[in-house]
file model.txt (compact mmCIF, N, CA and C atoms)
# COMPACT_ATOMS: atom_id res chain seq x y z
N MET Z 1 121.96 59.01 126.08
CA MET Z 1 121.29 60.30 126.09
C MET Z 1 119.86 60.09 126.58
N ASP Z 2 119.43 60.95 127.49
CA ASP Z 2 118.08 60.80 128.00
C ASP Z 2 117.06 61.37 127.00
N PHE Z 3 115.80 61.11 127.24
CA PHE Z 3 114.72 61.49 126.33
C PHE Z 3 114.68 62.99 126.09
N ARG Z 4 114.84 63.77 127.15
CA ARG Z 4 114.75 65.23 127.03
C ARG Z 4 115.84 65.79 126.10
N LYS Z 5 117.06 65.32 126.25
CA LYS Z 5 118.15 65.78 125.38
C LYS Z 5 117.92 65.33 123.94
N THR Z 6 117.46 64.10 123.77
CA THR Z 6 117.20 63.57 122.43
C THR Z 6 116.09 64.39 121.76
N PHE Z 7 115.04 64.67 122.51
CA PHE Z 7 113.92 65.45 121.96
C PHE Z 7 114.37 66.87 121.59
N THR Z 8 115.14 67.52 122.47
CA THR Z 8 115.61 68.88 122.22
C THR Z 8 116.51 68.91 120.99
N LEU Z 9 117.42 67.96 120.87
CA LEU Z 9 118.31 67.89 119.72
C LEU Z 9 117.52 67.65 118.43
N SER Z 10 116.55 66.75 118.48
CA SER Z 10 115.71 66.46 117.30
C SER Z 10 114.90 67.68 116.89
N ALA Z 11 114.36 68.38 117.86
CA ALA Z 11 113.57 69.58 117.57
C ALA Z 11 114.46 70.66 116.94
N ALA Z 12 115.67 70.82 117.46
CA ALA Z 12 116.59 71.82 116.92
C ALA Z 12 116.97 71.47 115.48
N ILE Z 13 117.24 70.21 115.20
CA ILE Z 13 117.58 69.78 113.84
C ILE Z 13 116.39 70.01 112.91
N ALA Z 14 115.19 69.67 113.35
CA ALA Z 14 113.99 69.86 112.53
C ALA Z 14 113.79 71.35 112.23
N LEU Z 15 114.02 72.21 113.21
CA LEU Z 15 113.87 73.65 113.00
C LEU Z 15 114.88 74.16 111.97
N VAL Z 16 116.12 73.74 112.07
CA VAL Z 16 117.15 74.15 111.12
C VAL Z 16 116.77 73.69 109.71
N LEU Z 17 116.31 72.46 109.57
CA LEU Z 17 115.92 71.95 108.26
C LEU Z 17 114.73 72.72 107.70
N PHE Z 18 113.77 73.05 108.55
CA PHE Z 18 112.60 73.82 108.11
C PHE Z 18 113.00 75.20 107.63
N VAL Z 19 113.82 75.90 108.41
CA VAL Z 19 114.26 77.25 108.04
C VAL Z 19 115.08 77.20 106.75
N THR Z 20 115.96 76.23 106.62
CA THR Z 20 116.77 76.09 105.40
C THR Z 20 115.88 75.85 104.19
N ALA Z 21 114.89 74.97 104.33
CA ALA Z 21 113.97 74.69 103.23
C ALA Z 21 113.18 75.94 102.85
N PHE Z 22 112.77 76.73 103.84
CA PHE Z 22 112.02 77.97 103.58
C PHE Z 22 112.87 78.97 102.81
N VAL Z 23 114.11 79.16 103.23
CA VAL Z 23 115.01 80.12 102.58
C VAL Z 23 115.29 79.68 101.15
N VAL Z 24 115.57 78.40 100.93
CA VAL Z 24 115.85 77.89 99.59
C VAL Z 24 114.62 78.06 98.71
N THR Z 25 113.44 77.75 99.22
CA THR Z 25 112.20 77.89 98.45
C THR Z 25 111.94 79.35 98.12
N ALA Z 26 112.17 80.25 99.07
CA ALA Z 26 111.94 81.68 98.83
C ALA Z 26 112.83 82.18 97.69
N HIS Z 27 114.08 81.72 97.64
CA HIS Z 27 114.98 82.16 96.58
C HIS Z 27 114.63 81.57 95.23
N GLU Z 28 114.02 80.38 95.20
CA GLU Z 28 113.63 79.76 93.94
C GLU Z 28 112.53 80.56 93.25
N ASP Z 29 111.71 81.30 94.02
CA ASP Z 29 110.61 82.05 93.45
C ASP Z 29 111.06 83.37 92.83
N VAL Z 30 112.29 83.77 93.05
CA VAL Z 30 112.78 85.05 92.55
C VAL Z 30 113.27 84.87 91.12
N GLU Z 31 112.72 85.67 90.21
CA GLU Z 31 113.21 85.65 88.83
C GLU Z 31 114.59 86.29 88.80
N ASP Z 32 115.51 85.68 88.06
CA ASP Z 32 116.83 86.29 87.95
C ASP Z 32 116.79 87.47 86.99
N VAL Z 33 116.31 87.26 85.79
CA VAL Z 33 116.31 88.32 84.78
C VAL Z 33 114.87 88.71 84.46
N PHE Z 34 114.59 90.00 84.52
CA PHE Z 34 113.25 90.48 84.20
C PHE Z 34 113.34 91.94 83.78
N HIS Z 35 112.25 92.44 83.21
CA HIS Z 35 112.19 93.84 82.81
C HIS Z 35 111.53 94.66 83.92
N ILE Z 36 112.17 95.74 84.29
CA ILE Z 36 111.56 96.69 85.22
C ILE Z 36 110.72 97.63 84.36
N GLU Z 37 109.42 97.57 84.56
CA GLU Z 37 108.52 98.45 83.83
C GLU Z 37 107.30 98.69 84.69
N SER Z 38 106.47 99.62 84.31
CA SER Z 38 105.35 100.00 85.15
C SER Z 38 104.11 100.29 84.32
N THR Z 39 102.97 100.00 84.90
CA THR Z 39 101.69 100.33 84.25
C THR Z 39 101.38 101.82 84.39
N ILE Z 40 102.14 102.53 85.21
CA ILE Z 40 101.93 103.97 85.36
C ILE Z 40 102.19 104.68 84.03
N TRP Z 41 103.17 104.17 83.27
CA TRP Z 41 103.50 104.76 81.96
C TRP Z 41 103.28 103.72 80.87
N PRO Z 42 102.05 103.53 80.43
CA PRO Z 42 101.82 102.52 79.38
C PRO Z 42 102.52 102.88 78.07
N ASN Z 43 102.77 104.15 77.84
CA ASN Z 43 103.45 104.60 76.62
C ASN Z 43 104.66 105.45 76.96
N GLY Z 44 105.52 104.95 77.82
CA GLY Z 44 106.69 105.70 78.24
C GLY Z 44 107.62 106.01 77.09
N THR Z 45 108.45 107.02 77.25
CA THR Z 45 109.35 107.43 76.17
C THR Z 45 110.57 106.52 76.08
N ARG Z 46 110.91 105.86 77.14
CA ARG Z 46 112.05 104.94 77.15
C ARG Z 46 111.52 103.52 77.33
N GLY Z 47 112.27 102.57 76.83
CA GLY Z 47 111.88 101.17 77.00
C GLY Z 47 112.12 100.71 78.42
N PRO Z 48 111.67 99.50 78.74
CA PRO Z 48 111.88 98.96 80.08
C PRO Z 48 113.36 98.69 80.33
N VAL Z 49 113.70 98.50 81.58
CA VAL Z 49 115.09 98.23 81.98
C VAL Z 49 115.23 96.73 82.25
N LEU Z 50 116.19 96.11 81.58
CA LEU Z 50 116.47 94.70 81.82
C LEU Z 50 117.33 94.61 83.08
N PHE Z 51 116.88 93.83 84.05
CA PHE Z 51 117.56 93.74 85.35
C PHE Z 51 117.90 92.29 85.63
N THR Z 52 119.04 92.06 86.24
CA THR Z 52 119.40 90.71 86.67
C THR Z 52 119.80 90.69 88.14
N HIS Z 53 119.07 89.89 88.91
CA HIS Z 53 119.40 89.74 90.33
C HIS Z 53 120.80 89.16 90.52
N GLU Z 54 121.13 88.13 89.75
CA GLU Z 54 122.42 87.46 89.94
C GLU Z 54 123.59 88.44 89.77
N LYS Z 55 123.53 89.24 88.73
CA LYS Z 55 124.62 90.19 88.48
C LYS Z 55 124.77 91.15 89.67
N HIS Z 56 123.65 91.68 90.15
CA HIS Z 56 123.72 92.65 91.24
C HIS Z 56 124.08 91.99 92.58
N ALA Z 57 123.45 90.85 92.88
CA ALA Z 57 123.66 90.21 94.18
C ALA Z 57 124.99 89.46 94.25
N GLU Z 58 125.26 88.63 93.26
CA GLU Z 58 126.45 87.79 93.34
C GLU Z 58 127.69 88.48 92.78
N ASP Z 59 127.59 89.06 91.59
CA ASP Z 59 128.77 89.66 90.97
C ASP Z 59 129.20 90.95 91.67
N TYR Z 60 128.21 91.75 92.12
CA TYR Z 60 128.53 93.04 92.72
C TYR Z 60 128.33 93.07 94.24
N SER Z 61 127.91 91.95 94.82
CA SER Z 61 127.74 91.83 96.29
C SER Z 61 126.80 92.89 96.87
N ILE Z 62 125.71 93.17 96.17
CA ILE Z 62 124.72 94.13 96.66
C ILE Z 62 123.66 93.34 97.43
N SER Z 63 123.45 93.68 98.68
CA SER Z 63 122.47 92.96 99.49
C SER Z 63 121.05 93.37 99.06
N CYS Z 64 120.12 92.45 99.25
CA CYS Z 64 118.74 92.66 98.80
C CYS Z 64 118.13 93.94 99.36
N ASP Z 65 118.45 94.25 100.63
CA ASP Z 65 117.83 95.41 101.26
C ASP Z 65 118.42 96.74 100.80
N GLN Z 66 119.37 96.70 99.87
CA GLN Z 66 119.84 97.95 99.26
C GLN Z 66 118.80 98.48 98.29
N CYS Z 67 117.99 97.59 97.73
CA CYS Z 67 116.93 97.99 96.79
C CYS Z 67 115.54 97.81 97.40
N HIS Z 68 115.30 96.64 97.98
CA HIS Z 68 113.99 96.36 98.57
C HIS Z 68 113.90 97.03 99.93
N HIS Z 69 112.77 97.70 100.17
CA HIS Z 69 112.67 98.43 101.44
C HIS Z 69 111.23 98.61 101.88
N VAL Z 70 111.08 98.70 103.18
CA VAL Z 70 109.85 99.11 103.85
C VAL Z 70 110.32 100.00 104.99
N TYR Z 71 110.04 101.29 104.87
CA TYR Z 71 110.54 102.23 105.88
C TYR Z 71 109.49 102.47 106.96
N VAL Z 72 109.94 102.37 108.21
CA VAL Z 72 109.13 102.70 109.36
C VAL Z 72 109.99 103.60 110.24
N ASN Z 73 109.51 104.81 110.49
CA ASN Z 73 110.25 105.80 111.27
C ASN Z 73 111.66 106.02 110.73
N GLY Z 74 111.79 106.07 109.40
CA GLY Z 74 113.07 106.34 108.77
C GLY Z 74 114.03 105.17 108.70
N GLU Z 75 113.61 104.00 109.15
CA GLU Z 75 114.48 102.82 109.15
C GLU Z 75 113.91 101.76 108.21
N ASN Z 76 114.78 101.16 107.41
CA ASN Z 76 114.35 100.08 106.53
C ASN Z 76 114.21 98.81 107.34
N ILE Z 77 112.97 98.33 107.51
CA ILE Z 77 112.73 97.13 108.30
C ILE Z 77 112.57 95.89 107.42
N TRP Z 78 112.65 96.06 106.09
CA TRP Z 78 112.53 94.92 105.18
C TRP Z 78 113.71 94.00 105.37
N GLN Z 79 113.42 92.68 105.41
CA GLN Z 79 114.49 91.69 105.54
C GLN Z 79 114.34 90.66 104.44
N GLU Z 80 115.46 90.04 104.07
CA GLU Z 80 115.44 89.01 103.03
C GLU Z 80 114.43 87.93 103.41
N GLY Z 81 113.58 87.59 102.46
CA GLY Z 81 112.52 86.61 102.70
C GLY Z 81 111.17 87.26 102.90
N ASP Z 82 111.16 88.58 103.23
CA ASP Z 82 109.89 89.29 103.35
C ASP Z 82 109.25 89.43 101.97
N PRO Z 83 107.95 89.61 101.91
CA PRO Z 83 107.30 89.82 100.61
C PRO Z 83 107.86 91.06 99.91
N VAL Z 84 107.85 91.01 98.59
CA VAL Z 84 108.32 92.13 97.78
C VAL Z 84 107.15 92.65 96.97
N ASP Z 85 106.78 93.90 97.21
CA ASP Z 85 105.72 94.55 96.43
C ASP Z 85 106.32 95.18 95.19
N ARG Z 86 105.48 95.41 94.19
CA ARG Z 86 105.93 96.18 93.03
C ARG Z 86 106.27 97.58 93.53
N CYS Z 87 107.28 98.18 92.95
CA CYS Z 87 107.72 99.51 93.39
C CYS Z 87 106.57 100.52 93.34
N GLN Z 88 105.71 100.42 92.32
CA GLN Z 88 104.63 101.39 92.16
C GLN Z 88 103.54 101.25 93.22
N THR Z 89 103.62 100.26 94.09
CA THR Z 89 102.67 100.15 95.19
C THR Z 89 102.79 101.36 96.11
N CYS Z 90 104.03 101.77 96.38
CA CYS Z 90 104.27 102.94 97.24
C CYS Z 90 104.69 104.17 96.43
N HIS Z 91 105.44 103.94 95.39
CA HIS Z 91 105.92 105.04 94.54
C HIS Z 91 104.93 105.17 93.38
N PHE Z 92 103.80 105.82 93.65
CA PHE Z 92 102.68 105.80 92.70
C PHE Z 92 102.51 107.09 91.91
N GLU Z 93 103.31 108.11 92.21
CA GLU Z 93 103.21 109.37 91.48
C GLU Z 93 103.93 109.24 90.14
N ALA Z 94 103.31 109.76 89.09
CA ALA Z 94 103.90 109.65 87.76
C ALA Z 94 104.23 111.01 87.16
N THR Z 95 104.39 112.01 87.99
CA THR Z 95 104.68 113.36 87.52
C THR Z 95 105.87 113.34 86.57
N VAL Z 96 105.73 114.02 85.45
CA VAL Z 96 106.84 114.08 84.50
C VAL Z 96 107.39 115.49 84.43
N GLU Z 97 106.54 116.48 84.25
CA GLU Z 97 106.99 117.87 84.16
C GLU Z 97 107.49 118.36 85.52
N GLY Z 98 108.66 118.96 85.53
CA GLY Z 98 109.19 119.56 86.74
C GLY Z 98 109.59 118.59 87.83
N GLU Z 99 109.84 117.33 87.49
CA GLU Z 99 110.17 116.32 88.50
C GLU Z 99 111.31 116.75 89.41
N ARG Z 100 112.33 117.33 88.87
CA ARG Z 100 113.50 117.67 89.67
C ARG Z 100 113.19 118.79 90.66
N ARG Z 101 112.07 119.47 90.49
CA ARG Z 101 111.71 120.56 91.38
C ARG Z 101 110.66 120.15 92.43
N LEU Z 102 110.34 118.88 92.49
CA LEU Z 102 109.38 118.43 93.49
C LEU Z 102 109.97 118.56 94.88
N PRO Z 103 109.14 118.85 95.88
CA PRO Z 103 109.64 118.85 97.25
C PRO Z 103 110.18 117.45 97.61
N PRO Z 104 111.17 117.37 98.48
CA PRO Z 104 111.79 116.08 98.80
C PRO Z 104 110.80 114.98 99.20
N ASP Z 105 109.78 115.29 99.98
CA ASP Z 105 108.83 114.26 100.38
C ASP Z 105 108.03 113.74 99.19
N ASP Z 106 107.70 114.61 98.24
CA ASP Z 106 106.98 114.17 97.04
C ASP Z 106 107.87 113.35 96.13
N GLN Z 107 109.16 113.64 96.11
CA GLN Z 107 110.07 112.87 95.27
C GLN Z 107 110.08 111.40 95.67
N LYS Z 108 109.91 111.13 96.95
CA LYS Z 108 109.91 109.75 97.42
C LYS Z 108 108.76 108.96 96.83
N LEU Z 109 107.66 109.63 96.50
CA LEU Z 109 106.50 108.95 95.96
C LEU Z 109 106.56 108.81 94.44
N ASN Z 110 107.43 109.57 93.80
CA ASN Z 110 107.53 109.58 92.35
C ASN Z 110 108.30 108.34 91.89
N LEU Z 111 107.67 107.51 91.07
CA LEU Z 111 108.27 106.25 90.67
C LEU Z 111 109.55 106.43 89.86
N LYS Z 112 109.52 107.34 88.90
CA LYS Z 112 110.71 107.54 88.07
C LYS Z 112 111.88 108.03 88.92
N LEU Z 113 111.63 108.98 89.81
CA LEU Z 113 112.72 109.47 90.66
C LEU Z 113 113.19 108.40 91.64
N ALA Z 114 112.28 107.57 92.12
CA ALA Z 114 112.68 106.48 93.02
C ALA Z 114 113.66 105.55 92.31
N PHE Z 115 113.32 105.15 91.09
CA PHE Z 115 114.23 104.30 90.31
C PHE Z 115 115.53 105.03 90.02
N HIS Z 116 115.41 106.23 89.48
CA HIS Z 116 116.61 106.94 89.06
C HIS Z 116 117.51 107.27 90.25
N ASN Z 117 116.95 107.75 91.34
CA ASN Z 117 117.78 108.08 92.50
C ASN Z 117 118.49 106.84 93.03
N LEU Z 118 117.78 105.73 93.13
CA LEU Z 118 118.38 104.51 93.66
C LEU Z 118 119.43 103.95 92.69
N CYS Z 119 119.03 103.73 91.45
CA CYS Z 119 119.91 103.08 90.48
C CYS Z 119 121.06 103.98 90.03
N GLN Z 120 120.72 105.19 89.60
CA GLN Z 120 121.77 106.08 89.09
C GLN Z 120 122.78 106.44 90.17
N ASP Z 121 122.31 106.73 91.37
CA ASP Z 121 123.25 107.09 92.44
C ASP Z 121 124.23 105.95 92.70
N CYS Z 122 123.72 104.72 92.72
CA CYS Z 122 124.58 103.55 92.96
C CYS Z 122 125.55 103.36 91.79
N HIS Z 123 125.04 103.44 90.56
CA HIS Z 123 125.89 103.26 89.39
C HIS Z 123 126.98 104.34 89.34
N ARG Z 124 126.61 105.59 89.58
CA ARG Z 124 127.60 106.68 89.55
C ARG Z 124 128.66 106.51 90.64
N ALA Z 125 128.24 106.08 91.82
CA ALA Z 125 129.19 105.85 92.91
C ALA Z 125 130.16 104.73 92.53
N GLU Z 126 129.65 103.71 91.88
CA GLU Z 126 130.50 102.58 91.45
C GLU Z 126 131.54 103.05 90.43
N VAL Z 127 131.12 103.89 89.49
CA VAL Z 127 132.05 104.40 88.47
C VAL Z 127 133.10 105.31 89.11
N ARG Z 128 132.68 106.14 90.09
CA ARG Z 128 133.64 107.00 90.80
C ARG Z 128 134.67 106.15 91.56
N LYS Z 129 134.19 105.06 92.14
CA LYS Z 129 135.05 104.18 92.93
C LYS Z 129 136.00 103.39 92.04
N ASP Z 130 135.48 102.92 90.89
CA ASP Z 130 136.27 102.08 89.99
C ASP Z 130 136.07 102.56 88.56
N ARG Z 131 137.03 103.28 88.04
CA ARG Z 131 136.92 103.88 86.70
C ARG Z 131 136.76 102.84 85.59
N THR Z 132 137.06 101.57 85.88
CA THR Z 132 136.87 100.53 84.86
C THR Z 132 135.48 99.89 84.94
N SER Z 133 134.66 100.36 85.87
CA SER Z 133 133.32 99.81 86.04
C SER Z 133 132.48 99.99 84.77
N THR Z 134 131.64 99.00 84.50
CA THR Z 134 130.73 99.09 83.35
C THR Z 134 129.31 99.44 83.79
N ALA Z 135 129.17 99.91 85.01
CA ALA Z 135 127.84 100.32 85.49
C ALA Z 135 127.31 101.43 84.60
N PRO Z 136 126.13 101.23 83.99
CA PRO Z 136 125.61 102.25 83.09
C PRO Z 136 125.17 103.51 83.83
N THR Z 137 125.44 104.66 83.23
CA THR Z 137 125.07 105.94 83.85
C THR Z 137 124.28 106.83 82.90
N THR Z 138 123.93 106.32 81.72
CA THR Z 138 123.14 107.08 80.76
C THR Z 138 121.80 106.39 80.55
N CYS Z 139 120.86 107.10 79.95
CA CYS Z 139 119.53 106.52 79.69
C CYS Z 139 119.63 105.22 78.91
N ARG Z 140 120.33 105.27 77.79
CA ARG Z 140 120.44 104.09 76.93
C ARG Z 140 121.24 102.97 77.57
N GLY Z 141 122.05 103.31 78.56
CA GLY Z 141 122.82 102.28 79.25
C GLY Z 141 121.93 101.31 80.01
N CYS Z 142 120.79 101.78 80.48
CA CYS Z 142 119.87 100.93 81.24
C CYS Z 142 118.62 100.56 80.44
N HIS Z 143 118.04 101.54 79.79
CA HIS Z 143 116.81 101.30 79.03
C HIS Z 143 117.14 100.59 77.74
N SER Z 144 116.48 99.45 77.51
CA SER Z 144 116.82 98.60 76.36
C SER Z 144 116.57 99.28 75.02
N SER Z 145 115.48 99.97 74.89
CA SER Z 145 115.19 100.66 73.62
C SER Z 145 114.03 101.61 73.82
N PRO Z 146 113.96 102.66 73.01
CA PRO Z 146 112.80 103.55 73.10
C PRO Z 146 111.55 102.81 72.67
N ARG Z 147 110.43 103.24 73.18
CA ARG Z 147 109.16 102.59 72.82
C ARG Z 147 108.72 103.05 71.46
call {"tool": "encode", "arguments": {"input": "model.txt", "output": "C-alpha cells"}}
result
Amino acid sequence: MDFRKTFTLSAAIALVLFVTAFVVTAHEDVEDVFHIESTIWPNGTRGPVLFTHEKHAEDYSISCDQCHHVYVNGENIWQEGDPVDRCQTCHFEATVEGERRLPPDDQKLNLKLAFHNLCQDCHRAEVRKDRTSTAPTTCRGCHSSPR
C-alpha cells in the first residue's frame, strides 16, 4: 500500500474512533432517572414528575428528538448530541388561569401546556394503540405526590 492510501485509511479510522468516543461520552452525561420540575412554580400544586430516559428510549423506542427540539421555520433541527436546554428556557410562561383558552402561539410558550401536550398526547396515543399499555394518563399517574 502506498503512503497516500495508508494515510487516508489511518485518517478515516481516526475519525471513526473520534466520533464514536464523542457519541459515547455525550450519552454518559445524560442522567437516566431525574425529576422534571421547574423554578417557574416553586410552590406548584402537583409534585415533580419522575422521568426515565431508558424506559422511554429503550423500552418504548422513542427517539430523542420526539421530546428535545429546536424549531426553525416550523422544522425541528435538534439532533442527538446537540446541547439540551431546560424546557423553561423557551417555554417560560407560567399562566395558570385560563390556560386552555390561550391562543395557540401563546400555548407554545406555556411550560405546563408544553409538558402536558407533549407527554399526555403521547401517553394517550399509546393507550389507544395498546389497551394493555401502562402509560399514565392522569395527574397522579405522572406526578409523584402533591407538594
call {"tool": "atom_distance", "arguments": {"input": "model.txt", "atom1": "atom CA of Z:Asn43", "atom2": "atom CA of Z:Val30"}}
result
26.9 Å
call {"tool": "closest_residue", "arguments": {"input": "model.txt", "among": "Z:Leu111, Z:Trp41, Z:His53, Z:Ser133", "to": "Z:Cys87", "atoms": "all atoms listed in the file"}}
result
Z:Leu111
call {"tool": "residues_around", "arguments": {"input": "model.txt", "residues": "Z:His35", "least_positions_apart": "4", "cutoff": "6 Å", "atoms": "only N, CA and C atoms", "output": "PyMOL selection string"}}
result
chain Z and resi 48-51
call {"tool": "atom_distance", "arguments": {"input": "model.txt", "atom1": "atom CA of Z:Ile40", "atom2": "atom CA of Z:Gln88"}}
result
7.8 Å
call {"tool": "atom_distance", "arguments": {"input": "model.txt", "atom1": "atom CA of Z:Gly47", "atom2": "atom CA of Z:His143"}}
result
5.3 Å
call {"tool": "select_by_dssp", "arguments": {"input": "model.txt", "residues": "stretch 35-117 of chain Z", "states": "strand (DSSP E or B)", "output": "list in words"}}
result
His35, Ile36, Val49, Leu50, Phe51, Thr52, Tyr71, Val72, Glu75, Asn76, Glu93 and Asn110 of chain Z
call {"tool": "residues_around", "arguments": {"input": "model.txt", "residues": "Z:Thr137", "least_positions_apart": "5", "cutoff": "12 Å", "atoms": "only C-alpha atoms", "output": "ChimeraX atom specification"}}
result
/Z:116-128,142-143
call {"tool": "closest_residue", "arguments": {"input": "model.txt", "among": "Z:Lys112, Z:Arg131, Z:Glu58, Z:His68", "to": "Z:Arg46", "atoms": "only C-alpha atoms"}}
result
Z:Lys112
call {"tool": "select_by_dssp", "arguments": {"input": "model.txt", "residues": "stretch 43-107 of chain Z", "states": "helix (DSSP H, G or I)", "output": "ChimeraX atom specification"}}
result
/Z:53-59,64-66,87-89,99-101,104-107
